[in-house]
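Working notes, beginning with the structure itself.
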Amino acid sequence: MFTPQGPSLRELARQALSSVEHGYDLLAPKFDHTPFRTPDSLLCAVRRALAEIGPFEHGLDLCCGTGAGMTVLREVCRRSVTGVDFSAGMLEAGRERAALPHPSPGDARGAGAPAVSWVRGDVHALPFKPVFDLVVSFGAFGHFLPHELDGVFAQAHSVLRPGGRFAFPLPAPATPRSSWYWAALGFDAAMRVRNALWRPPFVMYYRPFRLGLARRKLEQAGFTVELCALPEFGRRADGSPRCRMVVATRT
């Protein structure tokens, strides 16, 4: 499906009937050939926005997958970049991808680039002290039920230095007049039926994670929250940005 190099329908079905961790282990070798990978246009927009409030010293990519977001951190962090994920398969694919010559979303830094580390870990219990001044995440929050976000955001808070930033892009929700709205609604409904009938569950919901919920949970975790419009994606008919970067600061 998706591209000739991507997973087949049969492979996707097998992955969807696994746990989240094992499903991503299976998907990892072909993940970058699917629409699930964060698009370069979004990576570039976030990099430019972070460059305006940086530079940073030490960066962490939360739920890094194959490392698309790591390319952003390598452009805005001076000393070190760390990716953490619970899927060993995704981390291995990320290491292999990083070893190949490929264009980054910005200009390559070449000599003097930050040190890069890949760590297998659980976002519910991160194995780090408060050493980072930037934490990012791309597209991972659909894997957490709303009540789990308290713990996830608390963990992000715990690994940041005072004044450190936790940043992630958040597109505006699709309107009911959009085909994307109905596609996401159908996908979430199918996943709920799947999880009601099959174990282990595969948590992946597109619709519950919204700006109001994220902001409230971040503030409860001890962050102050700012919003940065990503102008590359334009504005909706009501004038609101189509995509924002949420910047939560540990105070």
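Numbering starts fresh at 1 for the residues of each chain in the structure tokens, the chains themselves are lettered A, B, ... in the order given, and ligands are numbered from 1 as they appear.
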Using only C-alpha atoms, determine which residues lie at most 12 Å from Thr3 (chain A), disregarding the query and same-chain residues fewer than 5 positions distant; provide the list as a PDB file with all heavy atoms, in the first residue's frame.
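Contents of selection30.pdb, freshly written:
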ATOM      1  N   SER A   8       2.323  -4.005   2.646  1.00  0.00           N
ATOM      2  CA  SER A   8       1.140  -4.507   1.964  1.00  0.00           C
ATOM      3  C   SER A   8      -0.058  -4.429   2.901  1.00  0.00           C
ATOM      4  O   SER A   8       0.079  -4.221   4.118  1.00  0.00           O
ATOM      5  CB  SER A   8       1.362  -5.961   1.544  1.00  0.00           C
ATOM      6  OG  SER A   8       1.463  -6.795   2.697  1.00  0.00           O
ATOM      7  N   LEU A   9      -1.252  -4.585   2.340  1.00  0.00           N
ATOM      8  CA  LEU A   9      -2.457  -4.581   3.165  1.00  0.00           C
ATOM      9  C   LEU A   9      -2.405  -5.704   4.194  1.00  0.00           C
ATOM     10  O   LEU A   9      -2.805  -5.527   5.350  1.00  0.00           O
ATOM     11  CB  LEU A   9      -3.689  -4.726   2.271  1.00  0.00           C
ATOM     12  CG  LEU A   9      -5.044  -4.715   2.980  1.00  0.00           C
ATOM     13  CD1 LEU A   9      -5.238  -3.407   3.738  1.00  0.00           C
ATOM     14  CD2 LEU A   9      -6.180  -4.921   1.972  1.00  0.00           C
ATOM     15  N   LYS A  30       9.477  -0.477   6.981  1.00  0.00           N
ATOM     16  CA  LYS A  30       8.799   0.206   5.877  1.00  0.00           C
ATOM     17  C   LYS A  30       8.075   1.483   6.328  1.00  0.00           C
ATOM     18  O   LYS A  30       7.363   2.091   5.542  1.00  0.00           O
ATOM     19  CB  LYS A  30       7.800  -0.748   5.213  1.00  0.00           C
ATOM     20  CG  LYS A  30       8.454  -1.988   4.609  1.00  0.00           C
ATOM     21  CD  LYS A  30       7.441  -2.885   3.913  1.00  0.00           C
ATOM     22  CE  LYS A  30       8.112  -4.095   3.285  1.00  0.00           C
ATOM     23  NZ  LYS A  30       7.132  -4.971   2.564  1.00  0.00           N
ATOM     24  N   PHE A  31       8.298   1.868   7.577  1.00  0.00           N
ATOM     25  CA  PHE A  31       7.552   3.000   8.135  1.00  0.00           C
ATOM     26  C   PHE A  31       7.753   4.288   7.341  1.00  0.00           C
ATOM     27  O   PHE A  31       6.812   5.048   7.108  1.00  0.00           O
ATOM     28  CB  PHE A  31       7.964   3.222   9.593  1.00  0.00           C
ATOM     29  CG  PHE A  31       7.256   4.376  10.252  1.00  0.00           C
ATOM     30  CD1 PHE A  31       5.973   4.216  10.754  1.00  0.00           C
ATOM     31  CD2 PHE A  31       7.863   5.617  10.362  1.00  0.00           C
ATOM     32  CE1 PHE A  31       5.308   5.283  11.355  1.00  0.00           C
ATOM     33  CE2 PHE A  31       7.208   6.685  10.958  1.00  0.00           C
ATOM     34  CZ  PHE A  31       5.928   6.512  11.456  1.00  0.00           C
ATOM     35  N   ASP A  32       8.974   4.548   6.914  1.00  0.00           N
ATOM     36  CA  ASP A  32       9.263   5.797   6.213  1.00  0.00           C
ATOM     37  C   ASP A  32       8.650   5.850   4.818  1.00  0.00           C
ATOM     38  O   ASP A  32       8.706   6.899   4.162  1.00  0.00           O
ATOM     39  CB  ASP A  32      10.773   6.021   6.126  1.00  0.00           C
ATOM     40  CG  ASP A  32      11.359   6.410   7.475  1.00  0.00           C
ATOM     41  OD1 ASP A  32      10.591   6.819   8.357  1.00  0.00           O
ATOM     42  OD2 ASP A  32      12.595   6.303   7.635  1.00  0.00           O
ATOM     43  N   HIS A  33       8.057   4.746   4.372  1.00  0.00           N
ATOM     44  CA  HIS A  33       7.372   4.722   3.071  1.00  0.00           C
ATOM     45  C   HIS A  33       5.856   4.737   3.246  1.00  0.00           C
ATOM     46  O   HIS A  33       5.125   4.316   2.354  1.00  0.00           O
ATOM     47  CB  HIS A  33       7.801   3.481   2.276  1.00  0.00           C
ATOM     48  CG  HIS A  33       9.267   3.435   1.995  1.00  0.00           C
ATOM     49  ND1 HIS A  33       9.887   4.269   1.091  1.00  0.00           N
ATOM     50  CD2 HIS A  33      10.249   2.663   2.532  1.00  0.00           C
ATOM     51  CE1 HIS A  33      11.180   4.011   1.060  1.00  0.00           C
ATOM     52  NE2 HIS A  33      11.426   3.039   1.921  1.00  0.00           N
ATOM     53  N   THR A  34       5.410   5.235   4.397  1.00  0.00           N
ATOM     54  CA  THR A  34       3.975   5.338   4.669  1.00  0.00           C
ATOM     55  C   THR A  34       3.623   6.794   4.978  1.00  0.00           C
ATOM     56  O   THR A  34       4.509   7.596   5.312  1.00  0.00           O
ATOM     57  CB  THR A  34       3.567   4.476   5.881  1.00  0.00           C
ATOM     58  OG1 THR A  34       4.072   5.087   7.080  1.00  0.00           O
ATOM     59  CG2 THR A  34       4.108   3.056   5.757  1.00  0.00           C
ATOM     60  N   PRO A  35       2.340   7.157   4.917  1.00  0.00           N
ATOM     61  CA  PRO A  35       1.927   8.514   5.301  1.00  0.00           C
ATOM     62  C   PRO A  35       2.019   8.772   6.801  1.00  0.00           C
ATOM     63  O   PRO A  35       1.795   9.902   7.245  1.00  0.00           O
ATOM     64  CB  PRO A  35       0.458   8.581   4.846  1.00  0.00           C
ATOM     65  CG  PRO A  35       0.243   7.418   3.959  1.00  0.00           C
ATOM     66  CD  PRO A  35       1.219   6.374   4.382  1.00  0.00           C
TER      67      PRO A  35
END
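Neighbouring residues of region 139-144 of chain A at 10 Å or closer, counting only C-alpha atoms and skipping chain neighbours under 5 positions away, are Val20, Phe36, Arg37, Thr38, Leu62, Cys63, Cys64, Gly65, Gly69, Leu149, Val152, Phe168, Pro169, Leu170, Phe202, Val203, Met204, Tyr205, Tyr206, Arg207, Pro208, Phe209, Arg210 and Ala214 of chain A.
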Quick one, how far is CA of Leu134 (chain A) from CA of Gly83 (chain A)? 12.0 Å
Mind checking which residues fall within 7 Å of region 40-56 of chain A, counting only C-alpha atoms, ignoring those fewer than 2 positions away in the same chain, and posting them as a PyMOL selection string? chain A and resi 38+58+69+72+76-78+105-106+133-134+230+232
DSSP on the backbone: which residues in region 33-234 of chain A end up as strand (DSSP E)? Give the answer as a PyMOL selection string. chain A and resi 56-62+77-85+115-120+132-136+160-171+223-229
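Separating CA of Leu91 (chain A) from CA of Gln155 (chain A) is a distance of 20.2 Å.
Taking only C-alpha atoms, the non-local environment of His124 (chain A) within 12 Å (same-chain residues fewer than 3 positions away omitted) comprises Leu62, Cys63, Val84, Asp85, Phe86, Gly121, Pro127, Phe128, Phe144, Glu148, Leu149, Asp150, Gly151, Val152, Phe153, Ala154, Gln155, Ala156, His157, Ser158 and Val159 of chain A.
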Dump of N, CA and C atoms for the selected residues, as a JSON list (two decimals), in the first residue's frame:
[["chain", "number", "residue", "atom", "x", "y", "z"],
["A", 62, "LEU", "N", 10.68, 12.82, 21.91],
["A", 62, "LEU", "CA", 9.83, 11.91, 22.67],
["A", 62, "LEU", "C", 9.03, 11.05, 21.70],
["A", 63, "CYS", "N", 9.13, 9.71, 21.85],
["A", 63, "CYS", "CA", 8.49, 8.78, 20.91],
["A", 63, "CYS", "C", 9.05, 9.05, 19.51],
["A", 84, "VAL", "N", 14.04, 8.80, 22.10],
["A", 84, "VAL", "CA", 13.57, 7.72, 22.97],
["A", 84, "VAL", "C", 12.29, 7.15, 22.41],
["A", 85, "ASP", "N", 12.20, 5.83, 22.40],
["A", 85, "ASP", "CA", 11.01, 5.15, 21.88],
["A", 85, "ASP", "C", 10.97, 3.76, 22.52],
["A", 86, "PHE", "N", 9.76, 3.18, 22.62],
["A", 86, "PHE", "CA", 9.67, 1.85, 23.23],
["A", 86, "PHE", "C", 9.76, 0.74, 22.20],
["A", 121, "GLY", "N", 13.04, 3.25, 25.72],
["A", 121, "GLY", "CA", 12.47, 3.61, 27.01],
["A", 121, "GLY", "C", 10.98, 3.85, 26.91],
["A", 127, "PRO", "N", 13.96, 7.46, 31.40],
["A", 127, "PRO", "CA", 15.19, 7.16, 32.14],
["A", 127, "PRO", "C", 16.20, 8.31, 32.10],
["A", 128, "PHE", "N", 15.73, 9.54, 32.34],
["A", 128, "PHE", "CA", 16.61, 10.70, 32.26],
["A", 128, "PHE", "C", 16.41, 11.60, 33.47],
["A", 144, "PHE", "N", -2.02, 7.81, 23.17],
["A", 144, "PHE", "CA", -2.30, 7.92, 24.60],
["A", 144, "PHE", "C", -3.75, 8.30, 24.80],
["A", 148, "GLU", "N", -4.10, 9.40, 30.22],
["A", 148, "GLU", "CA", -2.68, 9.11, 30.28],
["A", 148, "GLU", "C", -1.81, 10.35, 30.06],
["A", 149, "LEU", "N", -2.40, 11.41, 29.51],
["A", 149, "LEU", "CA", -1.61, 12.59, 29.18],
["A", 149, "LEU", "C", -1.03, 13.26, 30.41],
["A", 150, "ASP", "N", -1.72, 13.16, 31.56],
["A", 150, "ASP", "CA", -1.18, 13.74, 32.79],
["A", 150, "ASP", "C", 0.22, 13.17, 33.07],
["A", 151, "GLY", "N", 0.35, 11.85, 32.98],
["A", 151, "GLY", "CA", 1.63, 11.22, 33.25],
["A", 151, "GLY", "C", 2.66, 11.52, 32.18],
["A", 152, "VAL", "N", 2.24, 11.54, 30.92],
["A", 152, "VAL", "CA", 3.17, 11.82, 29.82],
["A", 152, "VAL", "C", 3.73, 13.23, 29.95],
["A", 153, "PHE", "N", 2.86, 14.21, 30.20],
["A", 153, "PHE", "CA", 3.32, 15.58, 30.31],
["A", 153, "PHE", "C", 4.16, 15.78, 31.58],
["A", 154, "ALA", "N", 3.81, 15.07, 32.65],
["A", 154, "ALA", "CA", 4.62, 15.15, 33.87],
["A", 154, "ALA", "C", 6.02, 14.61, 33.62],
["A", 155, "GLN", "N", 6.14, 13.55, 32.82],
["A", 155, "GLN", "CA", 7.44, 13.00, 32.50],
["A", 155, "GLN", "C", 8.25, 13.99, 31.65],
["A", 156, "ALA", "N", 7.61, 14.62, 30.67],
["A", 156, "ALA", "CA", 8.31, 15.63, 29.87],
["A", 156, "ALA", "C", 8.81, 16.77, 30.76],
["A", 157, "HIS", "N", 7.98, 17.18, 31.71],
["A", 157, "HIS", "CA", 8.35, 18.24, 32.66],
["A", 157, "HIS", "C", 9.56, 17.81, 33.49],
["A", 158, "SER", "N", 9.60, 16.53, 33.87],
["A", 158, "SER", "CA", 10.64, 16.05, 34.80],
["A", 158, "SER", "C", 12.02, 15.99, 34.16],
["A", 159, "VAL", "N", 12.12, 15.89, 32.83],
["A", 159, "VAL", "CA", 13.43, 15.77, 32.19],
["A", 159, "VAL", "C", 13.94, 17.11, 31.65]]
Skipping near chain neighbours, those fewer than 5 positions away, what residues fall within 10 Å of Ala88 (chain A) using only C-alpha atoms, listed as a VMD selection string? chain A and resid 21 to 22 24 to 25 28 65 93 to 94 118 to 121
Atoms kept (N, CA, C and O atoms) for selection, written as a PDB file, in the first residue's frame:
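So part.pdb came out as:
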ATOM      1  N   GLU A  21       3.437  -1.730  20.601  1.00  0.00           N
ATOM      2  CA  GLU A  21       4.887  -1.919  20.513  1.00  0.00           C
ATOM      3  C   GLU A  21       5.259  -2.914  19.419  1.00  0.00           C
ATOM      4  O   GLU A  21       6.091  -2.622  18.549  1.00  0.00           O
ATOM      5  N   HIS A  22       4.632  -4.100  19.436  1.00  0.00           N
ATOM      6  CA  HIS A  22       4.989  -5.114  18.443  1.00  0.00           C
ATOM      7  C   HIS A  22       4.544  -4.695  17.047  1.00  0.00           C
ATOM      8  O   HIS A  22       5.229  -4.977  16.056  1.00  0.00           O
ATOM      9  N   TYR A  24       4.573  -1.694  15.825  1.00  0.00           N
ATOM     10  CA  TYR A  24       5.594  -0.796  15.285  1.00  0.00           C
ATOM     11  C   TYR A  24       6.907  -1.518  15.009  1.00  0.00           C
ATOM     12  O   TYR A  24       7.646  -1.146  14.087  1.00  0.00           O
ATOM     13  N   ASP A  25       7.218  -2.535  15.790  1.00  0.00           N
ATOM     14  CA  ASP A  25       8.389  -3.355  15.459  1.00  0.00           C
ATOM     15  C   ASP A  25       8.238  -3.957  14.066  1.00  0.00           C
ATOM     16  O   ASP A  25       9.194  -3.990  13.269  1.00  0.00           O
ATOM     17  N   ALA A  28       8.353  -1.103  11.297  1.00  0.00           N
ATOM     18  CA  ALA A  28       9.550  -0.261  11.274  1.00  0.00           C
ATOM     19  C   ALA A  28      10.327  -0.263   9.953  1.00  0.00           C
ATOM     20  O   ALA A  28      10.674   0.807   9.443  1.00  0.00           O
ATOM     21  N   GLY A  65      10.356   7.271  17.107  1.00  0.00           N
ATOM     22  CA  GLY A  65      10.155   6.420  15.942  1.00  0.00           C
ATOM     23  C   GLY A  65      11.439   6.228  15.163  1.00  0.00           C
ATOM     24  O   GLY A  65      12.495   5.926  15.731  1.00  0.00           O
ATOM     25  N   ALA A  93      15.611   0.948  12.907  1.00  0.00           N
ATOM     26  CA  ALA A  93      15.418   1.578  11.602  1.00  0.00           C
ATOM     27  C   ALA A  93      15.926   3.013  11.612  1.00  0.00           C
ATOM     28  O   ALA A  93      16.492   3.499  10.632  1.00  0.00           O
ATOM     29  N   GLY A  94      15.727   3.714  12.734  1.00  0.00           N
ATOM     30  CA  GLY A  94      16.213   5.077  12.855  1.00  0.00           C
ATOM     31  C   GLY A  94      17.731   5.153  12.804  1.00  0.00           C
ATOM     32  O   GLY A  94      18.300   6.035  12.151  1.00  0.00           O
ATOM     33  N   TRP A 118      20.313   7.033  20.742  1.00  0.00           N
ATOM     34  CA  TRP A 118      19.017   6.384  20.581  1.00  0.00           C
ATOM     35  C   TRP A 118      18.787   5.518  21.822  1.00  0.00           C
ATOM     36  O   TRP A 118      19.610   4.673  22.157  1.00  0.00           O
ATOM     37  N   VAL A 119      17.662   5.714  22.507  1.00  0.00           N
ATOM     38  CA  VAL A 119      17.417   5.046  23.784  1.00  0.00           C
ATOM     39  C   VAL A 119      16.058   4.354  23.752  1.00  0.00           C
ATOM     40  O   VAL A 119      15.048   4.974  23.396  1.00  0.00           O
ATOM     41  N   ARG A 120      16.050   3.098  24.138  1.00  0.00           N
ATOM     42  CA  ARG A 120      14.778   2.406  24.285  1.00  0.00           C
ATOM     43  C   ARG A 120      14.229   2.705  25.679  1.00  0.00           C
ATOM     44  O   ARG A 120      14.906   2.462  26.691  1.00  0.00           O
ATOM     45  N   GLY A 121      13.036   3.252  25.721  1.00  0.00           N
ATOM     46  CA  GLY A 121      12.473   3.615  27.007  1.00  0.00           C
ATOM     47  C   GLY A 121      10.982   3.848  26.905  1.00  0.00           C
ATOM     48  O   GLY A 121      10.429   4.012  25.816  1.00  0.00           O
TER      49      GLY A 121
END
From a DSSP calculation on the backbone, collect every residue of region 20-174 of chain A in alpha helix (DSSP H) and output the set as a compact mmCIF listing (two decimals) with N, CA and C atoms, in the first residue's frame.
# COMPACT_ATOMS: atom_id res chain seq x y z
N VAL A 20 0.66 -2.21 20.37
CA VAL A 20 1.26 -1.01 19.78
C VAL A 20 2.76 -1.22 19.59
N GLU A 21 3.44 -1.73 20.60
CA GLU A 21 4.89 -1.92 20.51
C GLU A 21 5.26 -2.91 19.42
N HIS A 22 4.63 -4.10 19.44
CA HIS A 22 4.99 -5.11 18.44
C HIS A 22 4.54 -4.69 17.05
N GLY A 23 3.42 -3.98 16.96
CA GLY A 23 2.97 -3.50 15.67
C GLY A 23 3.99 -2.58 15.03
N TYR A 24 4.57 -1.69 15.83
CA TYR A 24 5.59 -0.80 15.28
C TYR A 24 6.91 -1.52 15.01
N ASP A 25 7.22 -2.53 15.79
CA ASP A 25 8.39 -3.35 15.46
C ASP A 25 8.24 -3.96 14.07
N LEU A 26 7.03 -4.44 13.76
CA LEU A 26 6.78 -5.05 12.46
C LEU A 26 6.79 -4.01 11.34
N LEU A 27 6.24 -2.83 11.61
CA LEU A 27 6.13 -1.79 10.60
C LEU A 27 7.44 -1.07 10.33
N ASP A 40 7.98 16.23 5.61
CA ASP A 40 9.09 17.17 5.66
C ASP A 40 8.60 18.62 5.77
N SER A 41 7.45 18.94 5.17
CA SER A 41 6.94 20.30 5.25
C SER A 41 6.68 20.71 6.69
N LEU A 42 6.15 19.79 7.51
CA LEU A 42 5.90 20.08 8.92
C LEU A 42 7.20 20.15 9.70
N LEU A 43 8.14 19.27 9.40
CA LEU A 43 9.44 19.30 10.07
C LEU A 43 10.14 20.63 9.80
N CYS A 44 10.10 21.09 8.56
CA CYS A 44 10.75 22.36 8.21
C CYS A 44 10.11 23.53 8.94
N ALA A 45 8.78 23.53 9.02
CA ALA A 45 8.08 24.63 9.68
C ALA A 45 8.43 24.67 11.17
N VAL A 46 8.48 23.53 11.81
CA VAL A 46 8.82 23.47 13.23
C VAL A 46 10.27 23.88 13.44
N ARG A 47 11.15 23.43 12.56
CA ARG A 47 12.56 23.82 12.69
C ARG A 47 12.72 25.33 12.64
N ARG A 48 12.04 25.97 11.69
CA ARG A 48 12.16 27.43 11.57
C ARG A 48 11.60 28.13 12.82
N ALA A 49 10.49 27.61 13.34
CA ALA A 49 9.90 28.22 14.54
C ALA A 49 10.81 28.04 15.76
N LEU A 50 11.40 26.87 15.90
CA LEU A 50 12.30 26.63 17.03
C LEU A 50 13.57 27.44 16.91
N ALA A 51 14.05 27.64 15.69
CA ALA A 51 15.28 28.43 15.50
C ALA A 51 15.09 29.85 16.00
N GLU A 52 13.87 30.35 15.97
CA GLU A 52 13.61 31.72 16.42
C GLU A 52 13.64 31.86 17.94
N ILE A 53 13.44 30.75 18.66
CA ILE A 53 13.46 30.83 20.12
C ILE A 53 14.68 30.11 20.70
N ALA A 68 12.49 11.01 12.35
CA ALA A 68 12.24 12.18 11.51
C ALA A 68 12.42 13.47 12.31
N GLY A 69 11.91 13.49 13.56
CA GLY A 69 12.06 14.67 14.38
C GLY A 69 13.49 14.91 14.85
N MET A 70 14.31 13.87 14.85
CA MET A 70 15.71 14.03 15.23
C MET A 70 16.44 14.96 14.27
N THR A 71 16.02 14.97 13.01
CA THR A 71 16.67 15.86 12.04
C THR A 71 16.42 17.32 12.41
N VAL A 72 15.25 17.60 12.99
CA VAL A 72 14.97 18.96 13.46
C VAL A 72 15.88 19.31 14.63
N LEU A 73 15.99 18.42 15.59
CA LEU A 73 16.82 18.68 16.76
C LEU A 73 18.28 18.88 16.38
N ARG A 74 18.76 18.15 15.40
CA ARG A 74 20.16 18.29 14.99
C ARG A 74 20.43 19.66 14.41
N GLU A 75 19.39 20.35 13.95
CA GLU A 75 19.57 21.69 13.39
C GLU A 75 19.51 22.78 14.45
N VAL A 76 18.84 22.52 15.58
CA VAL A 76 18.63 23.60 16.56
C VAL A 76 19.34 23.35 17.89
N ALA A 88 11.87 -1.29 19.74
CA ALA A 88 13.24 -1.58 19.35
C ALA A 88 13.38 -1.58 17.83
N GLY A 89 12.34 -2.02 17.12
CA GLY A 89 12.39 -2.04 15.67
C GLY A 89 12.47 -0.65 15.07
N MET A 90 11.70 0.29 15.62
CA MET A 90 11.73 1.66 15.12
C MET A 90 13.09 2.31 15.41
N LEU A 91 13.65 2.06 16.57
CA LEU A 91 14.96 2.61 16.90
C LEU A 91 16.03 2.07 15.97
N GLU A 92 15.97 0.78 15.68
CA GLU A 92 16.96 0.19 14.78
C GLU A 92 16.84 0.78 13.38
N ALA A 93 15.61 0.95 12.91
CA ALA A 93 15.42 1.58 11.60
C ALA A 93 15.93 3.01 11.61
N GLY A 94 15.73 3.71 12.73
CA GLY A 94 16.21 5.08 12.86
C GLY A 94 17.73 5.15 12.80
N ARG A 95 18.39 4.24 13.50
CA ARG A 95 19.86 4.22 13.48
C ARG A 95 20.37 3.98 12.06
N GLU A 96 19.74 3.03 11.37
CA GLU A 96 20.17 2.74 10.00
C GLU A 96 19.92 3.92 9.09
N ARG A 97 18.77 4.58 9.26
CA ARG A 97 18.45 5.74 8.45
C ARG A 97 19.43 6.88 8.69
N ALA A 98 19.79 7.09 9.95
CA ALA A 98 20.71 8.17 10.29
C ALA A 98 22.10 7.93 9.72
N ALA A 99 22.45 6.67 9.51
CA ALA A 99 23.78 6.36 8.98
C ALA A 99 23.88 6.57 7.48
N LEU A 149 -2.40 11.41 29.51
CA LEU A 149 -1.61 12.59 29.18
C LEU A 149 -1.03 13.26 30.41
N ASP A 150 -1.72 13.16 31.56
CA ASP A 150 -1.18 13.74 32.79
C ASP A 150 0.22 13.17 33.07
N GLY A 151 0.35 11.85 32.98
CA GLY A 151 1.63 11.22 33.25
C GLY A 151 2.66 11.52 32.18
N VAL A 152 2.24 11.54 30.92
CA VAL A 152 3.17 11.82 29.82
C VAL A 152 3.73 13.23 29.95
N PHE A 153 2.86 14.21 30.20
CA PHE A 153 3.32 15.58 30.31
C PHE A 153 4.16 15.78 31.58
N ALA A 154 3.81 15.07 32.65
CA ALA A 154 4.62 15.15 33.87
C ALA A 154 6.02 14.61 33.62
N GLN A 155 6.14 13.55 32.82
CA GLN A 155 7.44 13.00 32.50
C GLN A 155 8.25 13.99 31.65
N ALA A 156 7.61 14.62 30.67
CA ALA A 156 8.31 15.63 29.87
C ALA A 156 8.81 16.77 30.76
N HIS A 157 7.98 17.18 31.71
CA HIS A 157 8.35 18.24 32.66
C HIS A 157 9.56 17.81 33.49
N SER A 158 9.60 16.53 33.87
CA SER A 158 10.64 16.05 34.80
C SER A 158 12.02 15.99 34.16
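Interatomic distance, CA of Leu160 (chain A) against CA of Pro231 (chain A): 27.5 Å.
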